[in-house]
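To start, the structure itself, in structure tokens.
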Amino acid sequence: MAETTTGTPAIEIVGLTKVYGKTRALDGVDLEVPQGSVFGFLGPNGAGKTTTLRILTGLATPDQGTARILGRDVTDVDNDVRSDIGFLPDVPGFYPWMTAEEFLRFSGGLFGIAGEALDARVKALLELAGLTGVKQKVGGYSRGMKQRLGVAQALINSPKILMLDEPTSALDPIGRKEVLDMITALAGRTTVFFSTHILSDVERVCDTVAILHKGTVVTQAPINELKERYGSQKLVLEVTAQSNELASLFSAASWCAGVEHTNGRGLTLTVSDIEAARVAVPAEVAARGLGLIRLEAGEVSLEEVFVDLVGGGQ
Amino acid sequence: MGGFKTFLRKEFREIFKTWRIWVLPGIVLFFAISGPVLTAFTPELLKTVTTEQPGVIIQIPDPTFLEAYAEWIGNLSQIVLFAAIIIFGGMVSGEKKSGTAMLVLTKPITRTAFVLAKFVSNLVLLVCTVAVGTAVTWGVTLAMFGEAPAEKLLVSTGLFLILAILFLGVMTLFSSLVDSQAGSAGLGILILVVLSLLGLWGPALEYSPAGIMSASSSYLMGKDPSLLWPSVTSVVVTLLALAGGAFVFSRREL
């Protein structure tokens, strides 16, 4: 399992560019994934998440830039890098004539794992995937079963880095929960690099996130820090009496980007100049003879951060 | 060549657990049995036609084991080779299309090992199938005609195998190059047509793989076809095509 030392990043991408015809799928992506993190690689469809993962796993080559896994360039070392990673593509293709156990044994064999070590890992992973005792061929599996087997096969070599491409995007709520539970169970044991466009999944399992938009990383930070950063641009205030006049006044202010009524006497302000807002809000409340019950930084969801960064149209 | 043995073992298991064990062996066995039987009964069948149409007289000499062998080689060179080209058309691209290549090739197996294992498994299937078919057609020929010298059958079938392996190599290249099974099979058939046409030109017949195409039947007819250079160039082309397939697939994006 992964070492959780902070030295070499698990994944380090610098200026990664990939062009397909006239489309720049990746446009100078910079990214650093710390070892031991559960890293959410978030972006709308077509942002370049899958292309990044394909380059990291050696399925595609970059036009410019470098991608390193545990300090080794992915284009230089081939099998050496692949021994350290586990990968689940967005639509995993299995041999339909195999059972889950057969596929796990086959996968283990490709990593050179054999004998008792392979027996033990296959048993543990079948259990983790909830597929113990399932004798059915993979061709007859549901999408959820395939995804769970996909995560299991990606873990057969006890990878230092587990890369999952949209592992929950086509699953029903139960299937999603099962796969997310598997990922949660891995936290602290290996580095998980997890691409998705589902914000709630990232909020639930990831500790760090990067947001990719139109082939560029627009932000990267621990989720809490990101929320704090964007939360500081929200102010929640509560006054002693309802005041529509106050709401109208704030709406027109140059430092205010939006006003939302939260209850009869409460307002949530989205601000563009936090310093100006901190001065103006108490002054305007007092000027109207109202008392200030509460004035604090607001909570933002990852969805709000995401929409703010990539635009509401996405 | 990391992962070669594991992947090759998977290929063999796949042959036995899927349709692959039935198609090519089924076709070969069908012709192995039906060839000598049809050859033996063709005069009888034609006699039936002549008795139904008064005034028509067809005189046919009694068939021999040589005609049964010629039927076998004819079926191998045309129908079986054609079927093999179509089947082998998806040998590499099929895994890319189904997404299994993506799961396999993100593990420690080189793309060269992947392509080579595909070639070796299909080579074993082809050789074993033709060997069993040859033994069956020899047995049926012996039963139908009372004599079946093995040498002529073995040499002519061996010459066919050189041709079939050449096409296996060529299909490895095309299947690595083209994503569609139909597309690569089409290219394979084009090569078959080109080789047939080249066979009309003397020097090509003597030195190129085109000579192997007609060598089996020429040998059966008692001629002494030029075998050395067509065999050598066929092996060289097979190896070049195999290396080309590995090279092309190593540089393709999946």
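Identifiers in the structure tokens: chain A, B, ... in order shown; residue index from 1 per chain; ligand index from 1 in order shown.
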Quiz item: Do you know which residues are at most 8 Å from Ile109 in chain B counting only C-alpha atoms, after dropping those on the same chain fewer than 3 positions away, and could you put them as a count of residues only?
Solution: 11
Quiz prompt | Polymer residues at most 8 Å from Gly35 in chain B, only C-alpha atoms, same-chain spacing of 6 or more positions, as a ChimeraX atom specification | solution = /B:68,71-72,137
Write the selection just made, keeping N, CA, C and O atoms, as an mmCIF file, in the first residue's frame?
```cif
data_model
loop_
_atom_site.group_PDB
_atom_site.id
_atom_site.type_symbol
_atom_site.label_atom_id
_atom_site.label_comp_id
_atom_site.auth_asym_id
_atom_site.auth_seq_id
_atom_site.Cartn_x
_atom_site.Cartn_y
_atom_site.Cartn_z
ATOM 1 N N ALA B 68 -9.116 -36.709 -54.164
ATOM 2 C CA ALA B 68 -9.584 -36.376 -52.799
ATOM 3 C C ALA B 68 -8.619 -35.392 -52.154
ATOM 4 O O ALA B 68 -9.038 -34.414 -51.504
ATOM 5 N N GLU B 71 -9.092 -32.024 -53.697
ATOM 6 C CA GLU B 71 -10.303 -31.386 -53.154
ATOM 7 C C GLU B 71 -9.986 -30.738 -51.802
ATOM 8 O O GLU B 71 -10.395 -29.613 -51.504
ATOM 9 N N TRP B 72 -9.258 -31.487 -50.968
ATOM 10 C CA TRP B 72 -8.869 -30.998 -49.637
ATOM 11 C C TRP B 72 -8.029 -29.720 -49.746
ATOM 12 O O TRP B 72 -8.319 -28.705 -49.107
ATOM 13 N N THR B 137 -8.867 -36.258 -42.929
ATOM 14 C CA THR B 137 -9.082 -36.425 -44.379
ATOM 15 C C THR B 137 -8.259 -37.615 -44.900
ATOM 16 O O THR B 137 -8.695 -38.325 -45.823
#
```
Practice problem: Go through B:Ala164, B:Val49, B:Leu254, B:Leu126 one by one, measure the shortest atom-to-atom distance of each to chain A using only C-alpha atoms, and give the residue with the smallest value. | Solution: B:Leu254
Closest-contact table, chain A side, partner chain B, 10 Å, counting only C-alpha atoms, as CSV:
```
residue,atom,partner,partner_atom,distance
A:Arg54,CA,B:Leu254,CA,8.1
A:Ile55,CA,B:Glu253,CA,9.4
A:Leu56,CA,B:Thr106,CA,9.7
A:Thr57,CA,B:Thr106,CA,5.9
A:Gly58,CA,B:Thr106,CA,7.0
A:Leu59,CA,B:Leu254,CA,5.2
A:Ala60,CA,B:Glu253,CA,4.8
A:Thr61,CA,B:Glu253,CA,7.3
A:Asp78,CA,B:Pro108,CA,7.9
A:Asn79,CA,B:Pro108,CA,4.7
A:Asp80,CA,B:Pro108,CA,7.5
A:Val81,CA,B:Pro108,CA,8.4
A:Arg82,CA,B:Lys107,CA,5.5
A:Ser83,CA,B:Pro108,CA,5.9
A:Asp84,CA,B:Lys107,CA,9.2
A:Ile85,CA,B:Lys107,CA,8.0
A:Gly86,CA,B:Lys107,CA,7.8
A:Phe87,CA,B:Thr106,CA,6.9
A:Leu88,CA,B:Leu103,CA,7.3
A:Pro89,CA,B:Leu103,CA,7.4
A:Val91,CA,B:Gly99,CA,7.5
A:Pro92,CA,B:Gly99,CA,6.3
A:Gly93,CA,B:Gly99,CA,4.2
A:Phe94,CA,B:Thr100,CA,5.5
A:Tyr95,CA,B:Thr100,CA,6.8
A:Pro96,CA,B:Thr18,CA,9.6
A:Trp97,CA,B:Lys17,CA,6.9
A:Met98,CA,B:Glu14,CA,8.8
A:Glu102,CA,B:Lys10,CA,9.8
A:Phe103,CA,B:Lys10,CA,9.7
A:Arg105,CA,B:Thr6,CA,9.7
A:Phe106,CA,B:Thr6,CA,6.9
A:Ser107,CA,B:Val104,CA,7.6
A:Gly108,CA,B:Thr6,CA,9.3
A:Gly109,CA,B:Thr6,CA,5.8
A:Leu110,CA,B:Gly3,CA,4.7
A:Phe111,CA,B:Pro108,CA,5.9
A:Gly112,CA,B:Gly3,CA,7.4
A:Gly150,CA,B:Leu103,CA,9.0
A:Gln153,CA,B:Leu103,CA,9.0
A:Ala154,CA,B:Leu103,CA,8.8
A:Asn157,CA,B:Lys107,CA,9.4
```
Self-check item: Residue list (strand (DSSP E), DSSP) for range 6-225 of chain A, as a PyMOL selection string
Solution: chain A and resi 11-20+23-33+38-42+64-69+72-73+85-88+161-165+191-196+208-213+216-222
Exercise. Find the spatial neighbours of Gly199 in chain B, counting only C-alpha atoms, within a cut-off of 10 Å - ignore same-chain residues fewer than 2 positions away - and output them as a PyMOL selection string.
Key: chain B and resi 193-197+201-206+208-214
Go ahead and save the picked residues with C-alpha atoms, as an mmCIF file, in the first residue's frame.
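File written: selection.cif
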```cif
data_model
loop_
_atom_site.group_PDB
_atom_site.id
_atom_site.type_symbol
_atom_site.label_atom_id
_atom_site.label_comp_id
_atom_site.auth_asym_id
_atom_site.auth_seq_id
_atom_site.Cartn_x
_atom_site.Cartn_y
_atom_site.Cartn_z
ATOM 1 C CA VAL B 193 -6.150 -11.195 -54.788
ATOM 2 C CA VAL B 194 -2.829 -9.413 -55.406
ATOM 3 C CA LEU B 195 -0.876 -12.621 -54.676
ATOM 4 C CA SER B 196 -3.150 -14.568 -57.025
ATOM 5 C CA LEU B 197 -2.522 -12.043 -59.802
ATOM 6 C CA TRP B 201 3.945 -13.519 -63.626
ATOM 7 C CA GLY B 202 6.796 -16.030 -63.841
ATOM 8 C CA PRO B 203 9.473 -14.335 -61.715
ATOM 9 C CA ALA B 204 6.963 -13.650 -58.930
ATOM 10 C CA LEU B 205 5.875 -17.270 -59.042
ATOM 11 C CA GLU B 206 9.460 -18.393 -58.657
ATOM 12 C CA SER B 208 7.749 -14.449 -54.087
ATOM 13 C CA PRO B 209 5.054 -15.835 -51.760
ATOM 14 C CA ALA B 210 2.813 -15.955 -54.843
ATOM 15 C CA GLY B 211 4.611 -19.197 -55.703
ATOM 16 C CA ILE B 212 3.376 -20.809 -52.480
ATOM 17 C CA MET B 213 -0.260 -20.184 -53.487
ATOM 18 C CA SER B 214 -0.097 -22.621 -56.379
#
```
So which residues touch Val134 in chain A within 10 Å, counting only C-alpha atoms, skipping near sequence neighbours fewer than 4 positions away, as a PDB file with C-alpha atoms, in the first residue's frame?
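File selection-v5.pdb, as written:
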```pdb
ATOM      1  CA  THR A  99     -15.852 -15.188 -13.755  1.00  0.00           C
ATOM      2  CA  ALA A 100     -14.822 -12.416 -11.359  1.00  0.00           C
ATOM      3  CA  GLU A 101     -12.336 -14.755  -9.700  1.00  0.00           C
ATOM      4  CA  LEU A 126     -13.843 -10.559  -3.989  1.00  0.00           C
ATOM      5  CA  GLY A 130     -19.171  -8.114  -2.656  1.00  0.00           C
ATOM      6  CA  VAL A 138     -18.880 -11.374 -16.065  1.00  0.00           C
ATOM      7  CA  TYR A 141     -23.115  -8.805 -14.560  1.00  0.00           C
TER       8      TYR A 141
END
```
Quiz prompt | DSSP alpha helix (DSSP H) residues within range 28-234 of chain A, listed as a PyMOL selection string | solution = chain A and resi 49-56+74-77+79-82+100-110+115-128+143-154+173-186+199-205+223-231
Quiz item: With only C-alpha atoms as the basis for distance, which of B:Leu123, B:Leu76, B:Leu173, B:Leu81 is at the shortest distance from Ser156 in chain B?
Solution: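 Of B:Leu123, B:Leu76, B:Leu173, B:Leu81, the one nearest Ser156 in chain B is B:Leu76, counting only C-alpha atoms.
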Quiz prompt | Within 9 Å of Asp201 in chain A using only C-alpha atoms, minus same-chain residues under 6 positions, as a PyMOL selection string | solution = chain A and resi 40+168+176+180
